[in-house]
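Here's the structure we're looking at; comments come further down.
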Amino acid sequence: MTCRQPVSPAPGPLEAYCQHVDALFRHRNQRDSFRRYLEGLLLPQERNKTLTALANTEPVVGAQHPHAQGLQWFLSESTWDPVAVTAQRVARLCADPVTAPTVQGVLVIDEHGDRKWGTKTAHVGRQYLANLGKTDTGVVSVTSLWADETVYYPLHYEPYTPAHHCAKGKADPQFRTKRQIATELVGWAVAAGVPCRAVVADSFYGEDEPFRVALQARGLGYVLALPPSHCWWHREGTIGSLPEAVAAAPWDGPDDPGAWVPVERHFRDGHTETWWVLEMTAGPYGPDKPERVVVATIDPPTLPTLSTWFLVTNLPAPQAAQAHDRALPAADLAEIVRLYGLRIWVEQSYKQTTYALGWSEYQVRADLAIRRHWALVCCAFSFCWDHLSQQNLALAPAQGETASTAASAAMDAPASAPVPTALRAAGRGENERHDVAGAAPALLAGSPAGGAGLAGAVDHAVALLARMVDRAPADAARRVA
C-alpha cells in the first residue's frame with residue numbers, strides 16, 4: 001500500500017486533531033484544505049470567515065487566488081462526505097472522558113436563521129429568522145446540541161427547505177417541516193449513542209403533539225416549553241388554559257405561597273435566585289397523568305416574560321404511582337427546572353459558532369457546500385474541547401466519578417467580565433447588529449501569551465474555550481426546604 005503524501009501541518013495540537021479525521025479524505029489536497037480551513041475559522045474574530053479571508057487574500061481580486069480557489073473547490077467540488085466527518089467528530093466527543101455525554105445532560109433542539117440575499121442559494125427564502133426576531137430572506141437550520149452544567153457542543157444540523165423549493169410545495173414528498181427535521185435529529189443522536197436525561201426545546205416544538213408523541217415512542221424524556229396561551233378542550237366552568245390555572249393558584253407572598261414551591265438556582269458567577277414553581281392539575285395534565293405541566297417563575301404575581309417558563313414534561317412525579325410503572329426515572333420540580341435551564345447553552349453556542357467561527361459567512365450556494373461549511377465549523381468548535389482535554393489529562397474522572405463532575409472542578413476559572421448589554425442583543429435586528437459590530441470580540445477571553453506549540457489559530461481556540469468555561473451554566477437547581 002502506497003504511503004500517503006505528507007501535508008503542511010496545522011499549528012500545534014490542531015494537527016493532532018486533524019490527523020484523527022484524515023482517513024475520511026482520499027486526496028492530499030483535501031487533507032491540506034481541511035487544515036487550512038480550520039486554521040482560518042479559529043483565527044480571532046476580527047478576521048472575517050469568508051473564503052477569501054480564510055485564504056488570506058483580498059476580497060474581490062483575491063477571489064481568483066489559487067488558495068481561495070482551492071478552498072472553494074474543497075467545499076463545492078471535492079468528494080468528501082460531511083456526514084462521515086460529523087459522525088467521526090461526535091464519536092470522538094463521546095469517547096473523550098471530558099466531553100463524553102452522560103445521562104444527566106440534555107439534548108437541546110433549536111433552529112437558527114441567517115440572513116442571505118438573492119434567490120440562487122440552496123434553502124434560501126423569505127421566512128421567519130428566529131435569531132433576528134423577524135421575517136426576512138435567509139437560510140434556516142435546525143440543530144441539536146448536547147449540554148450539561150460543564151460541557152456543551154453541537155451534534156447534528158439540517159437545513160430547512162422552504163416549500164417553494166419543492167415542485168408540489170408542502171404537498172411534495174420531499175418537503176419536511178422543522179418539527180419533522182427535529183424528530184430526525186433526535187433519531188440521529190440516539191443512533192450515535194448519545195444519552196440524555198431529557199430532550200429540551202422551546203415552545204415552537206413543545207406545542208407540537210406529534211413531536212412529543214415521537215419522543216415518547218422512542219422512550220425519551222422531554223421538558224418542552226409551552227406558549228402562555230396554551231389551552232385544551234374542557235367542560236364549561238372548568239380550567240381550560242394555562243392563565244386560568246395560574247390564576248386559580250393562590251399566592252399571598254413568600255410566607256404563604258400556597259401551591260407554589262420555592263426552588264433555588266445557583267449560577268456560575270456565584271449568585272443565587274429563588275424561583276417559584278407551580279405544578280398544575282387540570283385537564284390532561286397532572287402528577288398522576290402521562291404529562292405534567294409546571295410553571296416556573298421568579299415572580300408569581302407578575303409572571304415576567306423573560307423569567308417565566310411554562311413547561312410540559314413526560315417525566316413522572318416522584319410520588320406518582322405511574323413512576324414505578326414507567327421506564328423513565330422520576331423528576332421532582334427542581335430537576336425539571338434544572339433540565340430546562342440547560343437550554344440556554346444553545347444560545348451561547350450560536351454566539352460562538354456565528355460570531356467567532358463564521359457559521360453564516362459561507363460564500364457558496366450549493367446544498368452540499370453549505371453542509372460542508374457547517375461540518376467544518378462544528379469541527380472547529382469541538383477542537384476547543386479536544387484541546388482542553390489533551391492539555392488537562394487530570395480532568396479524566398476517577399473511578400466512580402462522572403466526567404461532568406471532574407470537568408467542573410478543573411474548569412472552575414475566575415469569572416470574566418460580563419458580556420456587554422449590546423452583545424446580549426446581538427443578532428436581533430439589523431440596526432442592533434451594526435451597533436455591536438465593534439464590540440463582538442468581547443465574546444472572547446483575552447488571548448493567552450504565545451508559547452511553544454501555540455500559534456495563531458490555536459491561541460484563539462484557547463481564548464474561545466476560556467469564554468466557554470467562564471460562561472458555564474448554573475449548578476443543579478435545588479428545592480428549598
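In the C-alpha cells, chains take letters A, B, ... by order of appearance, with residues numbered from 1 within each chain and ligands from 1 in the order shown.
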- Query: Do you know which residues are at most 9 Å from region 25-42 of chain A counting only C-alpha atoms, after dropping those on the same chain fewer than 2 positions away, and could you put them as a PyMOL selection string?
  - Reply: chain A and resi 4-11+14-15+18-19+21-23+44-45+47-49+51+53-56+70-71+74+78-81+356-358+376-377+379-381+456-461+464
- Would you list the contacts of region 187-191 of chain A as number ranges by chain, taking every protein, DNA or RNA residue within 12 Å and counting only C-alpha atoms, but skipping same-chain residues closer than 5 positions in sequence? A: 83, 86-87, 90-91, 94, 101, 106-109, 143-146, 154-158, 180-182, 196, 198-199, 211, 214-215, 217-220
Let's have the selection written as a compact mmCIF listing (two decimals), in the first residue's frame, with C-alpha atoms.
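Generated output (selection.txt):
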```txt
# COMPACT_ATOMS: atom_id res chain seq x y z
CA VAL A 83 -21.93 13.22 7.22
CA THR A 86 -19.77 14.72 11.61
CA ALA A 87 -20.03 11.08 12.70
CA VAL A 90 -19.39 13.07 17.51
CA ALA A 91 -17.74 9.70 18.12
CA CYS A 94 -18.34 10.63 23.07
CA PRO A 101 -22.26 12.75 27.27
CA VAL A 106 -29.95 17.22 27.89
CA LEU A 107 -30.40 17.09 24.13
CA VAL A 108 -31.38 20.60 23.03
CA ILE A 109 -33.31 21.08 19.78
CA THR A 143 -29.73 21.88 15.12
CA SER A 144 -29.19 19.57 18.07
CA LEU A 145 -26.81 20.24 20.95
CA TRP A 146 -25.79 18.20 24.00
CA PRO A 154 -23.34 20.89 18.68
CA LEU A 155 -24.19 17.39 17.47
CA HIS A 156 -26.10 17.46 14.19
CA TYR A 157 -27.69 20.02 11.90
CA GLU A 158 -30.06 20.00 8.96
CA GLN A 180 -40.13 16.70 11.34
CA ILE A 181 -36.46 17.61 10.92
CA ALA A 182 -36.17 17.94 14.71
CA CYS A 196 -29.59 12.31 27.81
CA ALA A 198 -34.42 14.66 28.54
CA VAL A 199 -34.94 16.41 25.22
CA PHE A 211 -43.22 15.77 18.17
CA ALA A 214 -42.41 10.73 18.64
CA LEU A 215 -40.16 11.34 21.66
CA ALA A 217 -42.32 6.41 21.28
CA ARG A 218 -38.52 6.39 21.48
CA GLY A 219 -38.67 6.10 25.26
CA LEU A 220 -37.14 9.56 25.72
```
- Query: What lies within 6 Å of region 139-141 of chain A using only C-alpha atoms, ignoring chain neighbours under 3 positions off, as a PyMOL selection string?
  - Reply: chain A and resi 111-114+123-124+158-160
Once you have the residues from the selection above, write them out as a PDB file, in the first residue's frame, restricted to C-alpha atoms.
```
ATOM      1  CA  GLU A 111     -33.384  26.422  14.986  1.00  0.00           C
ATOM      2  CA  HIS A 112     -31.111  29.159  13.721  1.00  0.00           C
ATOM      3  CA  GLY A 113     -31.690  31.632  10.892  1.00  0.00           C
ATOM      4  CA  ASP A 114     -29.080  33.521   8.876  1.00  0.00           C
ATOM      5  CA  HIS A 123     -32.694  26.634   1.046  1.00  0.00           C
ATOM      6  CA  VAL A 124     -32.965  30.419   0.866  1.00  0.00           C
ATOM      7  CA  GLU A 158     -30.063  20.001   8.958  1.00  0.00           C
ATOM      8  CA  PRO A 159     -31.216  22.884   6.732  1.00  0.00           C
ATOM      9  CA  TYR A 160     -34.907  23.624   6.415  1.00  0.00           C
TER      10      TYR A 160
END
```
- Message: Rounded to one decimal, what separation in Å do you get between CA of Glu361 (chain A) and CA of Ala375 (chain A)?
- Response: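 Between these atoms lies a distance of 13.4 Å.
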- Thr274 (chain A) environment, 8 Å, only C-alpha atoms, sequence neighbours closer than 4 positions dropped, as a VMD selection string: chain A and resid 262 to 265 298
- All helix (DSSP H, G or I) residues (DSSP, backbone) inside region 73-185 of chain A, as a ChimeraX atom specification: /A:73-76,82-95,163-165,169-171,178-185
Residue selection dump (N, CA and C atoms) as a CSV table (one decimal), in the first residue's frame:
```csv
chain,number,residue,atom,x,y,z
A,73,TRP,N,-13.0,25.0,-4.1
A,73,TRP,CA,-13.1,23.6,-4.6
A,73,TRP,C,-13.3,22.6,-3.5
A,74,PHE,N,-12.7,22.8,-2.4
A,74,PHE,CA,-12.8,21.9,-1.3
A,74,PHE,C,-14.2,21.8,-0.8
A,75,LEU,N,-14.9,23.0,-0.8
A,75,LEU,CA,-16.3,23.0,-0.4
A,75,LEU,C,-17.3,22.5,-1.5
A,76,SER,N,-17.0,22.9,-2.7
A,76,SER,CA,-18.0,22.7,-3.8
A,76,SER,C,-17.8,21.5,-4.6
A,82,PRO,N,-19.6,15.2,4.3
A,82,PRO,CA,-19.7,15.9,5.6
A,82,PRO,C,-20.4,15.0,6.7
A,83,VAL,N,-21.3,14.1,6.3
A,83,VAL,CA,-21.9,13.2,7.2
A,83,VAL,C,-20.9,12.3,7.9
A,84,ALA,N,-19.9,11.8,7.2
A,84,ALA,CA,-18.9,11.0,7.8
A,84,ALA,C,-18.0,11.8,8.7
A,85,VAL,N,-17.7,13.0,8.4
A,85,VAL,CA,-16.9,13.9,9.2
A,85,VAL,C,-17.7,14.2,10.5
A,86,THR,N,-19.0,14.5,10.4
A,86,THR,CA,-19.8,14.7,11.6
A,86,THR,C,-19.8,13.5,12.5
A,87,ALA,N,-20.0,12.3,11.9
A,87,ALA,CA,-20.0,11.1,12.7
A,87,ALA,C,-18.7,10.9,13.4
A,88,GLN,N,-17.6,11.1,12.8
A,88,GLN,CA,-16.3,11.0,13.4
A,88,GLN,C,-16.1,12.0,14.5
A,89,ARG,N,-16.6,13.2,14.3
A,89,ARG,CA,-16.5,14.2,15.4
A,89,ARG,C,-17.3,13.9,16.6
A,90,VAL,N,-18.5,13.4,16.4
A,90,VAL,CA,-19.4,13.1,17.5
A,90,VAL,C,-18.8,11.9,18.2
A,91,ALA,N,-18.3,10.9,17.5
A,91,ALA,CA,-17.7,9.7,18.1
A,91,ALA,C,-16.5,10.1,19.0
A,92,ARG,N,-15.7,11.0,18.5
A,92,ARG,CA,-14.6,11.4,19.3
A,92,ARG,C,-15.0,12.2,20.6
A,93,LEU,N,-16.0,13.0,20.5
A,93,LEU,CA,-16.6,13.7,21.7
A,93,LEU,C,-17.1,12.7,22.7
A,94,CYS,N,-17.8,11.6,22.2
A,94,CYS,CA,-18.3,10.6,23.1
A,94,CYS,C,-17.3,9.8,23.7
A,95,ALA,N,-16.1,9.6,23.1
A,95,ALA,CA,-15.1,8.7,23.6
A,95,ALA,C,-14.2,9.5,24.6
A,163,ALA,N,-41.1,25.6,1.3
A,163,ALA,CA,-41.9,24.9,0.3
A,163,ALA,C,-41.8,25.3,-1.1
A,164,HIS,N,-41.4,26.5,-1.4
A,164,HIS,CA,-41.3,27.0,-2.8
A,164,HIS,C,-40.2,26.3,-3.5
A,165,HIS,N,-39.3,25.7,-2.8
A,165,HIS,CA,-38.2,25.0,-3.5
A,165,HIS,C,-38.6,23.6,-4.0
A,169,GLY,N,-44.8,22.1,-3.6
A,169,GLY,CA,-45.0,22.8,-2.4
A,169,GLY,C,-45.0,21.9,-1.2
A,170,LYS,N,-45.9,22.3,-0.2
A,170,LYS,CA,-45.9,21.5,1.0
A,170,LYS,C,-46.5,20.1,0.8
A,171,ALA,N,-47.1,19.8,-0.3
A,171,ALA,CA,-47.6,18.5,-0.7
A,171,ALA,C,-46.5,17.6,-1.3
A,178,LYS,N,-40.0,21.9,10.1
A,178,LYS,CA,-38.9,22.0,11.0
A,178,LYS,C,-39.1,21.0,12.1
A,179,ARG,N,-40.3,20.7,12.5
A,179,ARG,CA,-40.6,19.7,13.6
A,179,ARG,C,-40.2,18.3,13.1
A,180,GLN,N,-40.5,18.0,11.9
A,180,GLN,CA,-40.1,16.7,11.3
A,180,GLN,C,-38.6,16.6,11.3
A,181,ILE,N,-37.9,17.6,10.9
A,181,ILE,CA,-36.5,17.6,10.9
A,181,ILE,C,-36.0,17.4,12.3
A,182,ALA,N,-36.6,18.1,13.3
A,182,ALA,CA,-36.2,17.9,14.7
A,182,ALA,C,-36.3,16.5,15.2
A,183,THR,N,-37.4,15.8,14.7
A,183,THR,CA,-37.5,14.4,15.1
A,183,THR,C,-36.4,13.6,14.5
A,184,GLU,N,-36.0,13.9,13.3
A,184,GLU,CA,-34.9,13.2,12.7
A,184,GLU,C,-33.6,13.4,13.4
A,185,LEU,N,-33.3,14.6,13.9
A,185,LEU,CA,-32.1,14.9,14.6
A,185,LEU,C,-32.1,14.1,15.9
```
- Quick one: residues within 10 Å of Ala63 (chain A), only C-alpha atoms counted, chain neighbours fewer than 4 positions away excluded, as a list of chain:residue names?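 The residues satisfying every condition are A:Leu51, A:Thr52, A:Ala53, A:Ala55, A:Thr57, A:Glu58, A:Pro59, A:His67, A:Ala68, A:Gln69, A:Gln72.
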- Got a sec to tell me which of region 91-319 of chain A DSSP assigns to strand (DSSP E or B), as a PyMOL selection string? chain A and resi 106-115+125-129+134-147+152-160+198-201+222-225+231+241+261-266+272-279+282+285+291-297+308-313
Contacts between region 223-230 of chain A and region 269-317 of chain A, please, where a residue of region 269-317 of chain A counts if it comes within 8 Å (with only C-alpha atoms); show its shortest atom pair and distance in Å to one decimal, rows by chain and ascending number, as CSV.
```
residue,atom,partner,partner_atom,distance
A:Trp309,CA,A:Ala225,CA,6.7
A:Phe310,CA,A:Leu226,CA,5.3
A:Leu311,CA,A:Ala225,CA,4.4
A:Val312,CA,A:Leu224,CA,5.4
A:Thr313,CA,A:Val223,CA,4.6
A:Asn314,CA,A:Val223,CA,7.4
A:Leu315,CA,A:Val223,CA,8.0
```
Residue selection dump (N, CA and C atoms) as a PDB file, in the first residue's frame:
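Written output follows (out03.pdb):
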```
ATOM      1  N   TRP A 309     -41.284  30.358  32.783  1.00  0.00           N
ATOM      2  CA  TRP A 309     -41.339  29.208  31.882  1.00  0.00           C
ATOM      3  C   TRP A 309     -42.625  28.430  32.113  1.00  0.00           C
ATOM      4  N   PHE A 310     -43.321  28.101  31.037  1.00  0.00           N
ATOM      5  CA  PHE A 310     -44.438  27.165  31.063  1.00  0.00           C
ATOM      6  C   PHE A 310     -43.938  25.874  30.421  1.00  0.00           C
ATOM      7  N   LEU A 311     -43.857  24.800  31.170  1.00  0.00           N
ATOM      8  CA  LEU A 311     -43.165  23.596  30.720  1.00  0.00           C
ATOM      9  C   LEU A 311     -44.088  22.382  30.770  1.00  0.00           C
ATOM     10  N   VAL A 312     -43.940  21.522  29.759  1.00  0.00           N
ATOM     11  CA  VAL A 312     -44.631  20.241  29.737  1.00  0.00           C
ATOM     12  C   VAL A 312     -43.576  19.144  29.742  1.00  0.00           C
ATOM     13  N   THR A 313     -43.797  18.092  30.518  1.00  0.00           N
ATOM     14  CA  THR A 313     -42.830  17.010  30.609  1.00  0.00           C
ATOM     15  C   THR A 313     -43.550  15.681  30.760  1.00  0.00           C
ATOM     16  N   ASN A 314     -42.904  14.626  30.286  1.00  0.00           N
ATOM     17  CA  ASN A 314     -43.425  13.269  30.493  1.00  0.00           C
ATOM     18  C   ASN A 314     -42.660  12.533  31.582  1.00  0.00           C
ATOM     19  N   LEU A 315     -41.742  13.222  32.264  1.00  0.00           N
ATOM     20  CA  LEU A 315     -41.023  12.605  33.381  1.00  0.00           C
ATOM     21  C   LEU A 315     -41.979  12.483  34.565  1.00  0.00           C
TER      22      LEU A 315
END
```
- Could you check how far CA of Thr50 (chain A) sits from CA of Ile344 (chain A), in Å to one decimal?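 Distance reported for this atom pair: 27.8 Å.
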